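Visitor: Pasting in a structure now, in C-alpha coordinates, and then I'll have a few things to ask.
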Amino acid sequence: MNVLGIDIGGSGIKGAPVDTTAGKLIEERHRIPTPNPAKPGPVAEVVRELVGHFSWTGPVGVTFPGVVRDGVIKTAANVHDSWIGVDAGELFDGAAVLNDADAAGIAEMTFGEGRERRGTVLVLTFGTGIGSALFVDGVLVPNTEFGHLELHGKEAERRASDRAREEHDLSWQKWAERVEEYLKHMEMLLSPSLIVVGGGVSKKADKWLPHVRLDTPVVPAALQNEAGIVGAAQMAALAASAAPHGADVPPRDR
(Lines give C-alpha, C1' and ligand atoms only; values in the text may rest on other atoms or scores of the structure.)
Protein backbone atom coordinates (compact mmCIF):
# COMPACT_ATOMS: atom_id res chain seq x y z
CA MET A 1 0.00 0.00 0.00
CA ASN A 2 1.22 3.51 -0.83
CA VAL A 3 0.70 5.96 2.04
CA LEU A 4 1.81 9.54 2.70
CA GLY A 5 4.06 9.79 5.76
CA ILE A 6 4.65 13.14 7.48
CA ASP A 7 7.24 13.67 10.23
CA ILE A 8 6.81 16.75 12.47
CA GLY A 9 10.09 17.90 14.01
CA GLY A 10 11.18 20.88 16.07
CA SER A 11 12.89 22.54 13.11
CA GLY A 12 11.29 20.97 10.04
CA ILE A 13 8.19 19.09 8.88
CA LYS A 14 9.02 16.46 6.25
CA GLY A 15 6.84 14.22 4.13
CA ALA A 16 6.84 11.76 1.23
CA PRO A 17 4.68 8.97 -0.19
CA VAL A 18 5.88 5.57 0.99
CA ASP A 19 5.61 2.05 -0.37
CA THR A 20 4.80 0.45 2.99
CA THR A 21 5.49 -3.06 1.68
CA ALA A 22 9.09 -2.20 0.78
CA GLY A 23 9.64 0.58 3.32
CA LYS A 24 10.82 2.92 0.56
CA LEU A 25 9.99 6.52 -0.35
CA ILE A 26 8.45 6.58 -3.81
CA GLU A 27 8.91 10.33 -4.35
CA GLU A 28 11.56 12.77 -3.18
CA ARG A 29 11.07 13.96 0.37
CA HIS A 30 9.70 17.51 0.76
CA ARG A 31 10.58 19.62 3.81
CA ILE A 32 8.99 22.81 5.17
CA PRO A 33 10.38 24.68 8.20
CA THR A 34 8.35 24.20 11.38
CA PRO A 35 6.34 27.37 12.18
CA ASN A 36 7.59 29.48 15.08
CA PRO A 37 5.80 29.35 17.44
CA ALA A 38 4.79 25.77 16.58
CA LYS A 39 1.13 26.04 17.55
CA PRO A 40 -1.50 23.54 16.35
CA GLY A 41 -3.13 25.75 13.70
CA PRO A 42 0.04 26.78 11.82
CA VAL A 43 1.49 23.25 12.03
CA ALA A 44 -1.76 21.80 10.66
CA GLU A 45 -1.53 24.23 7.74
CA VAL A 46 1.98 22.97 6.94
CA VAL A 47 0.72 19.37 7.09
CA ARG A 48 -2.06 20.27 4.62
CA GLU A 49 0.51 22.05 2.45
CA LEU A 50 2.55 18.83 2.29
CA VAL A 51 -0.58 16.84 1.42
CA GLY A 52 -1.27 19.34 -1.38
CA HIS A 53 2.35 19.26 -2.57
CA PHE A 54 1.95 15.56 -3.37
CA SER A 55 -1.71 15.95 -4.51
CA TRP A 56 -2.46 13.18 -2.04
CA THR A 57 -5.96 11.76 -1.54
CA GLY A 58 -5.26 8.48 0.29
CA PRO A 59 -4.29 7.56 3.86
CA VAL A 60 -1.89 9.81 5.78
CA GLY A 61 0.27 9.08 8.82
CA VAL A 62 1.73 11.88 10.96
CA THR A 63 4.35 11.79 13.71
CA PHE A 64 4.43 14.18 16.67
CA PRO A 65 7.34 15.00 19.02
CA GLY A 66 5.59 14.08 22.27
CA VAL A 67 3.39 11.53 23.98
CA VAL A 68 0.37 10.56 21.85
CA ARG A 69 -2.47 8.41 23.19
CA ASP A 70 -5.30 7.47 20.82
CA GLY A 71 -4.42 10.49 18.67
CA VAL A 72 -4.53 12.95 21.60
CA ILE A 73 -1.39 14.92 22.48
CA LYS A 74 -0.30 14.55 26.11
CA THR A 75 3.12 16.28 26.12
CA ALA A 76 4.81 18.85 23.87
CA ALA A 77 8.41 19.45 24.94
CA ASN A 78 9.83 20.92 21.71
CA VAL A 79 6.70 22.56 20.29
CA HIS A 80 4.11 24.93 21.78
CA ASP A 81 2.37 23.98 25.06
CA SER A 82 -1.02 24.65 23.44
CA TRP A 83 -0.75 21.19 21.82
CA ILE A 84 -1.48 19.43 25.11
CA GLY A 85 -4.98 17.96 25.01
CA VAL A 86 -5.40 18.46 21.25
CA ASP A 87 -6.98 15.61 19.27
CA ALA A 88 -4.33 15.59 16.56
CA GLY A 89 -6.08 12.87 14.57
CA GLU A 90 -9.06 15.18 14.19
CA LEU A 91 -6.86 18.25 13.59
CA PHE A 92 -5.07 16.44 10.76
CA ASP A 93 -8.31 15.43 9.03
CA GLY A 94 -8.38 11.82 10.23
CA ALA A 95 -4.69 11.00 9.84
CA ALA A 96 -3.09 8.31 12.00
CA VAL A 97 -0.90 10.09 14.59
CA LEU A 98 1.85 8.63 16.77
CA ASN A 99 4.99 9.60 18.67
CA ASP A 100 7.82 10.51 16.30
CA ALA A 101 10.49 8.24 17.77
CA ASP A 102 8.01 5.36 17.99
CA ALA A 103 7.39 5.80 14.27
CA ALA A 104 11.12 5.80 13.51
CA GLY A 105 11.56 2.73 15.69
CA ILE A 106 8.75 0.83 14.00
CA ALA A 107 10.32 1.49 10.60
CA GLU A 108 13.79 0.50 11.80
CA MET A 109 12.48 -2.72 13.41
CA THR A 110 10.62 -3.63 10.21
CA PHE A 111 13.07 -2.63 7.49
CA GLY A 112 16.33 -1.65 9.18
CA GLU A 113 18.83 -2.65 11.85
CA GLY A 114 16.20 -4.07 14.21
CA ARG A 115 14.72 -6.48 11.68
CA GLU A 116 14.23 -9.97 13.14
CA ARG A 117 16.00 -8.87 16.35
CA ARG A 118 14.83 -10.45 19.60
CA GLY A 119 15.46 -9.20 23.12
CA THR A 120 15.43 -5.53 24.12
CA VAL A 121 16.19 -3.04 21.35
CA LEU A 122 16.43 0.70 22.01
CA VAL A 123 16.03 3.13 19.09
CA LEU A 124 17.10 6.72 19.80
CA THR A 125 16.70 9.75 17.52
CA PHE A 126 19.00 12.73 17.97
CA GLY A 127 17.66 16.03 16.66
CA THR A 128 16.04 19.04 18.33
CA GLY A 129 15.57 16.69 21.28
CA ILE A 130 16.24 13.00 21.92
CA GLY A 131 13.41 10.64 21.00
CA SER A 132 13.23 7.03 22.13
CA ALA A 133 11.47 3.84 21.09
CA LEU A 134 11.79 0.67 23.15
CA PHE A 135 11.06 -2.80 21.79
CA VAL A 136 10.94 -6.10 23.66
CA ASP A 137 11.00 -9.11 21.32
CA GLY A 138 9.77 -6.82 18.55
CA VAL A 139 6.86 -5.37 20.55
CA LEU A 140 6.80 -1.58 21.07
CA VAL A 141 6.57 -0.05 24.54
CA PRO A 142 5.03 3.27 23.41
CA ASN A 143 5.77 6.85 24.44
CA THR A 144 8.90 6.19 26.50
CA GLU A 145 10.39 9.68 26.01
CA PHE A 146 13.75 8.75 27.52
CA GLY A 147 15.26 12.01 26.28
CA HIS A 148 13.73 13.69 29.33
CA LEU A 149 15.63 11.59 31.86
CA GLU A 150 17.82 13.70 34.15
CA LEU A 151 21.60 13.84 33.83
CA HIS A 152 23.68 16.30 35.89
CA GLY A 153 20.52 18.09 36.99
CA LYS A 154 19.30 18.65 33.42
CA GLU A 155 17.14 16.81 30.94
CA ALA A 156 19.40 14.53 28.93
CA GLU A 157 18.36 16.09 25.62
CA ARG A 158 19.56 19.49 26.81
CA ARG A 159 23.08 18.02 27.03
CA ALA A 160 23.22 15.41 24.30
CA SER A 161 20.76 16.30 21.51
CA ASP A 162 21.99 17.49 18.13
CA ARG A 163 20.59 20.92 18.97
CA ALA A 164 22.78 20.97 22.12
CA ARG A 165 25.80 20.15 19.94
CA GLU A 166 25.02 23.10 17.69
CA GLU A 167 24.12 25.52 20.50
CA HIS A 168 27.34 24.79 22.41
CA ASP A 169 29.44 24.60 19.23
CA LEU A 170 30.77 21.19 20.24
CA SER A 171 33.14 19.23 18.08
CA TRP A 172 31.88 15.81 17.01
CA GLN A 173 34.27 14.17 19.47
CA LYS A 174 33.19 16.36 22.40
CA TRP A 175 29.55 15.76 21.57
CA ALA A 176 30.21 12.02 21.33
CA GLU A 177 31.46 12.11 24.94
CA ARG A 178 28.07 13.45 26.03
CA VAL A 179 26.24 10.90 23.90
CA GLU A 180 28.34 8.09 25.37
CA GLU A 181 27.51 9.25 28.90
CA TYR A 182 23.80 9.25 28.06
CA LEU A 183 23.95 5.86 26.33
CA LYS A 184 25.79 4.33 29.31
CA HIS A 185 22.96 5.56 31.53
CA MET A 186 20.40 3.92 29.23
CA GLU A 187 22.52 0.76 29.12
CA MET A 188 22.52 0.63 32.91
CA LEU A 189 18.73 1.09 33.11
CA LEU A 190 17.62 -1.25 30.31
CA SER A 191 20.42 -3.72 29.49
CA PRO A 192 19.49 -3.66 25.78
CA SER A 193 20.88 -6.13 23.28
CA LEU A 194 21.14 -3.40 20.63
CA ILE A 195 21.00 0.40 20.47
CA VAL A 196 20.09 2.01 17.13
CA VAL A 197 20.81 5.74 16.74
CA GLY A 198 18.78 7.72 14.22
CA GLY A 199 17.87 11.27 13.31
CA GLY A 200 19.89 13.57 11.10
CA VAL A 201 23.18 12.71 12.86
CA SER A 202 22.90 9.10 11.70
CA LYS A 203 23.98 10.29 8.24
CA LYS A 204 27.24 11.52 9.82
CA ALA A 205 27.80 8.55 12.12
CA ASP A 206 31.38 8.16 10.89
CA LYS A 207 32.24 11.52 12.50
CA TRP A 208 31.14 10.65 16.04
CA LEU A 209 30.07 7.04 16.55
CA PRO A 210 33.67 5.66 16.55
CA HIS A 211 34.24 7.78 19.69
CA VAL A 212 31.35 6.10 21.54
CA ARG A 213 32.34 2.98 23.49
CA LEU A 214 29.73 0.78 25.15
CA ASP A 215 29.38 -2.88 26.00
CA THR A 216 26.12 -2.85 24.01
CA PRO A 217 26.40 -2.75 20.19
CA VAL A 218 25.48 0.73 18.88
CA VAL A 219 24.68 1.11 15.17
CA PRO A 220 23.37 3.95 12.99
CA ALA A 221 19.80 3.63 11.71
CA ALA A 222 19.62 2.02 8.28
CA LEU A 223 16.75 4.32 7.28
CA GLN A 224 18.55 7.36 8.71
CA ASN A 225 16.33 10.46 8.76
CA GLU A 226 13.59 8.86 6.64
CA ALA A 227 12.57 6.41 9.39
CA GLY A 228 9.90 8.68 10.89
CA ILE A 229 8.21 9.17 7.52
CA VAL A 230 8.24 5.43 6.82
CA GLY A 231 6.94 4.54 10.28
CA ALA A 232 4.14 7.10 10.08
CA ALA A 233 3.08 5.62 6.74
CA GLN A 234 3.21 2.10 8.20
CA MET A 235 0.83 3.02 11.02
CA ALA A 236 -1.58 4.74 8.63
CA ALA A 237 -1.55 1.66 6.39
CA LEU A 238 -2.31 -0.52 9.41
CA ALA A 239 -5.17 1.78 10.45
CA ALA A 240 -6.56 1.80 6.90
CA SER A 241 -6.46 -1.99 6.65
CA ALA A 242 -8.27 -2.26 10.00
CA ALA A 243 -11.06 0.15 8.96
CA PRO A 244 -14.46 -1.37 8.07
CA HIS A 245 -14.61 -2.56 4.47
CA GLY A 246 -15.87 0.19 2.22
CA ALA A 247 -15.31 2.97 4.76
CA ASP A 248 -14.65 6.35 3.18
CA VAL A 249 -11.12 7.78 3.32
CA PRO A 250 -11.19 11.18 5.07
CA PRO A 251 -10.74 14.11 2.62
CA ARG A 252 -7.21 15.51 2.36
CA ASP A 253 -7.69 18.61 0.20
CA ARG A 254 -9.18 21.06 2.65
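Residues in the C-alpha coordinates are numbered from 1 in each chain, the chains being A, B, ... in the order shown, and ligands are numbered from 1 in the order shown.
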Can you list, as a PyMOL selection string, all residues belonging to segment 53-236 of chain A that DSSP tags as alpha helix (DSSP H)?

Guide: chain A and resi 53+88-91+100-111+156-160+162-167+172-190+205-208+227-236

Visitor: For the structure I just gave you, how does DSSP split segment 114-196 of chain A - specifically, which residues are strand (DSSP E or B)? Reply as a list in words.

Guide: Thr120, Val121, Leu122, Val123, Leu124, Thr125, Phe126, Ile130, Gly131, Ser132, Ala133, Leu134, Phe135, Val136, Val139, Leu140, Val141, Glu150, Leu151, Lys154, Glu155, Leu194, Ile195 and Val196 of chain A

Visitor: Can you pull out every residue within 10 Å of Met186 of chain A, counting only C-alpha atoms, but drop anything in the same chain fewer than 3 positions away, and send it as an NGL selection string?

Guide: :A and (122 or 146 or 149 or 180-183 or 189-192 or 195)

Visitor: What are the closest atom pairs, with distances in Å to one decimal, for all residues of segment 144-238 of chain A lying within 12 Å of segment 98-106 of chain A? Consider only C-alpha atoms, order rows by chain and residue number, and present the result as CSV.

Guide:
residue,atom,partner,partner_atom,distance
A:Thr144,CA,A:Asp102,CA,8.6
A:Glu145,CA,A:Ala101,CA,8.4
A:Phe146,CA,A:Ala101,CA,10.3
A:Gly147,CA,A:Ala101,CA,10.5
A:Ile195,CA,A:Gly105,CA,10.8
A:Val196,CA,A:Gly105,CA,8.7
A:Val197,CA,A:Gly105,CA,9.8
A:Gly198,CA,A:Ala104,CA,7.9
A:Gly199,CA,A:Ala104,CA,8.7
A:Gly200,CA,A:Ala104,CA,12.0
A:Ala221,CA,A:Ala104,CA,9.1
A:Ala222,CA,A:Ala104,CA,10.7
A:Leu223,CA,A:Ala104,CA,8.5
A:Gln224,CA,A:Ala104,CA,9.0
A:Asn225,CA,A:Ala104,CA,8.5
A:Glu226,CA,A:Ala104,CA,7.9
A:Ala227,CA,A:Ala104,CA,4.4
A:Gly228,CA,A:Ala104,CA,4.1
A:Ile229,CA,A:Ala104,CA,7.5
A:Val230,CA,A:Ala104,CA,7.3
A:Gly231,CA,A:Ala103,CA,4.2
A:Ala232,CA,A:Ala103,CA,5.5
A:Ala233,CA,A:Ala103,CA,8.7
A:Gln234,CA,A:Ile106,CA,8.1
A:Met235,CA,A:Ala103,CA,7.8
A:Ala236,CA,A:Leu98,CA,9.7

Visitor: Find, counting only C-alpha atoms, the residue in A:Ala76, A:Leu91, A:Ala240, A:Ala160 that gets nearest to Gly58 of chain A.

Guide: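 Closest residue, counting only C-alpha atoms: A:Ala240.
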
Visitor: When distances are computed from only C-alpha atoms, which of A:Val179, A:Gly112, A:Ile6, A:Val79 shows the smallest separation from Ala22 of chain A?

Guide: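 Looking at the shortest contact to Ala22 of chain A, the residue is A:Gly112.
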
Visitor: Which residue, A:Arg69, A:His30, A:Arg178, A:His168, has the smallest gap to Asn143 of chain A when you use only C-alpha atoms?

Guide: A:Arg69

Visitor: Looking at A:Leu209, A:Val3, A:Val67, A:Val201, which one is nearest to Ser132 of chain A, with distances taken over only C-alpha atoms?

Guide: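 Counting only C-alpha atoms, the residue closest to Ser132 of chain A is A:Val67.
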
Visitor: Between A:Thr63, A:Ser171, A:Thr75, A:Thr120, single out the one closest to Ser193 of chain A, counting only C-alpha atoms.

Guide: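 When distances to Ser193 of chain A are compared using only C-alpha atoms, the smallest one comes from A:Thr120.
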
Visitor: Can you tell me, as a PyMOL selection string, what residues are no more than 10 Å from Lys174 of chain A when counting only C-alpha atoms, ignoring any on the same chain fewer than 5 positions away?

Guide: chain A and resi 165+169+179+208+211

Visitor: Using only N, CA and C atoms, please write the residues we just selected to a file, as a short mmCIF file (atom, residue, chain, number, x, y, z; two decimals), in the first residue's frame.

Guide:
data_model
loop_
_atom_site.label_atom_id
_atom_site.label_comp_id
_atom_site.auth_asym_id
_atom_site.auth_seq_id
_atom_site.Cartn_x
_atom_site.Cartn_y
_atom_site.Cartn_z
N ARG A 165 24.49 20.11 20.60
CA ARG A 165 25.80 20.15 19.94
C ARG A 165 25.99 21.46 19.19
N ASP A 169 28.34 24.64 20.22
CA ASP A 169 29.44 24.60 19.23
C ASP A 169 30.45 23.52 19.58
N VAL A 179 27.12 11.97 24.36
CA VAL A 179 26.24 10.90 23.90
C VAL A 179 26.61 9.60 24.60
N TRP A 208 31.26 10.67 14.58
CA TRP A 208 31.14 10.65 16.04
C TRP A 208 30.97 9.26 16.66
N HIS A 211 33.78 7.28 18.39
CA HIS A 211 34.24 7.78 19.69
C HIS A 211 33.36 7.29 20.84
#

Visitor: Which one is closest to Gly138 of chain A: A:Leu238, A:Leu170, A:Val43, A:Val121? Count only C-alpha atoms.

Guide: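 Looking only at the distances to Gly138 of chain A, the closest residue turns out to be A:Val121.
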
Visitor: With only C-alpha atoms counted and 8 Å as the cut-off, give the residues of segment 26-117 of chain A in contact with segment 11-17 of chain A, each with its shortest interatomic distance in Å and the pair that gives it, as JSON lines.

Guide:
{"residue": "A:Ile26", "atom": "CA", "partner": "A:Pro17", "partner_atom": "CA", "distance": 5.7}
{"residue": "A:Glu27", "atom": "CA", "partner": "A:Pro17", "partner_atom": "CA", "distance": 6.1}
{"residue": "A:Glu28", "atom": "CA", "partner": "A:Ala16", "partner_atom": "CA", "distance": 6.5}
{"residue": "A:Arg29", "atom": "CA", "partner": "A:Ala16", "partner_atom": "CA", "distance": 4.8}
{"residue": "A:His30", "atom": "CA", "partner": "A:Gly15", "partner_atom": "CA", "distance": 5.5}
{"residue": "A:Arg31", "atom": "CA", "partner": "A:Lys14", "partner_atom": "CA", "distance": 4.3}
{"residue": "A:Ile32", "atom": "CA", "partner": "A:Ile13", "partner_atom": "CA", "distance": 5.3}
{"residue": "A:Pro33", "atom": "CA", "partner": "A:Gly12", "partner_atom": "CA", "distance": 4.2}
{"residue": "A:Thr34", "atom": "CA", "partner": "A:Gly12", "partner_atom": "CA", "distance": 4.6}
{"residue": "A:Val46", "atom": "CA", "partner": "A:Ile13", "partner_atom": "CA", "distance": 7.6}
{"residue": "A:Val47", "atom": "CA", "partner": "A:Ile13", "partner_atom": "CA", "distance": 7.7}
{"residue": "A:Leu50", "atom": "CA", "partner": "A:Gly15", "partner_atom": "CA", "distance": 6.6}
{"residue": "A:Phe54", "atom": "CA", "partner": "A:Ala16", "partner_atom": "CA", "distance": 7.7}

Visitor: For Gly71 of chain A, find every residue with an atom within 7 Å (counting only C-alpha atoms), except residues of its own chain fewer than 6 positions away, and show them as a list in words.

Guide: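 Once the nearby chain positions are removed, what remains is Asp87, Ala88, Gly89, Val97 and Leu98 of chain A.
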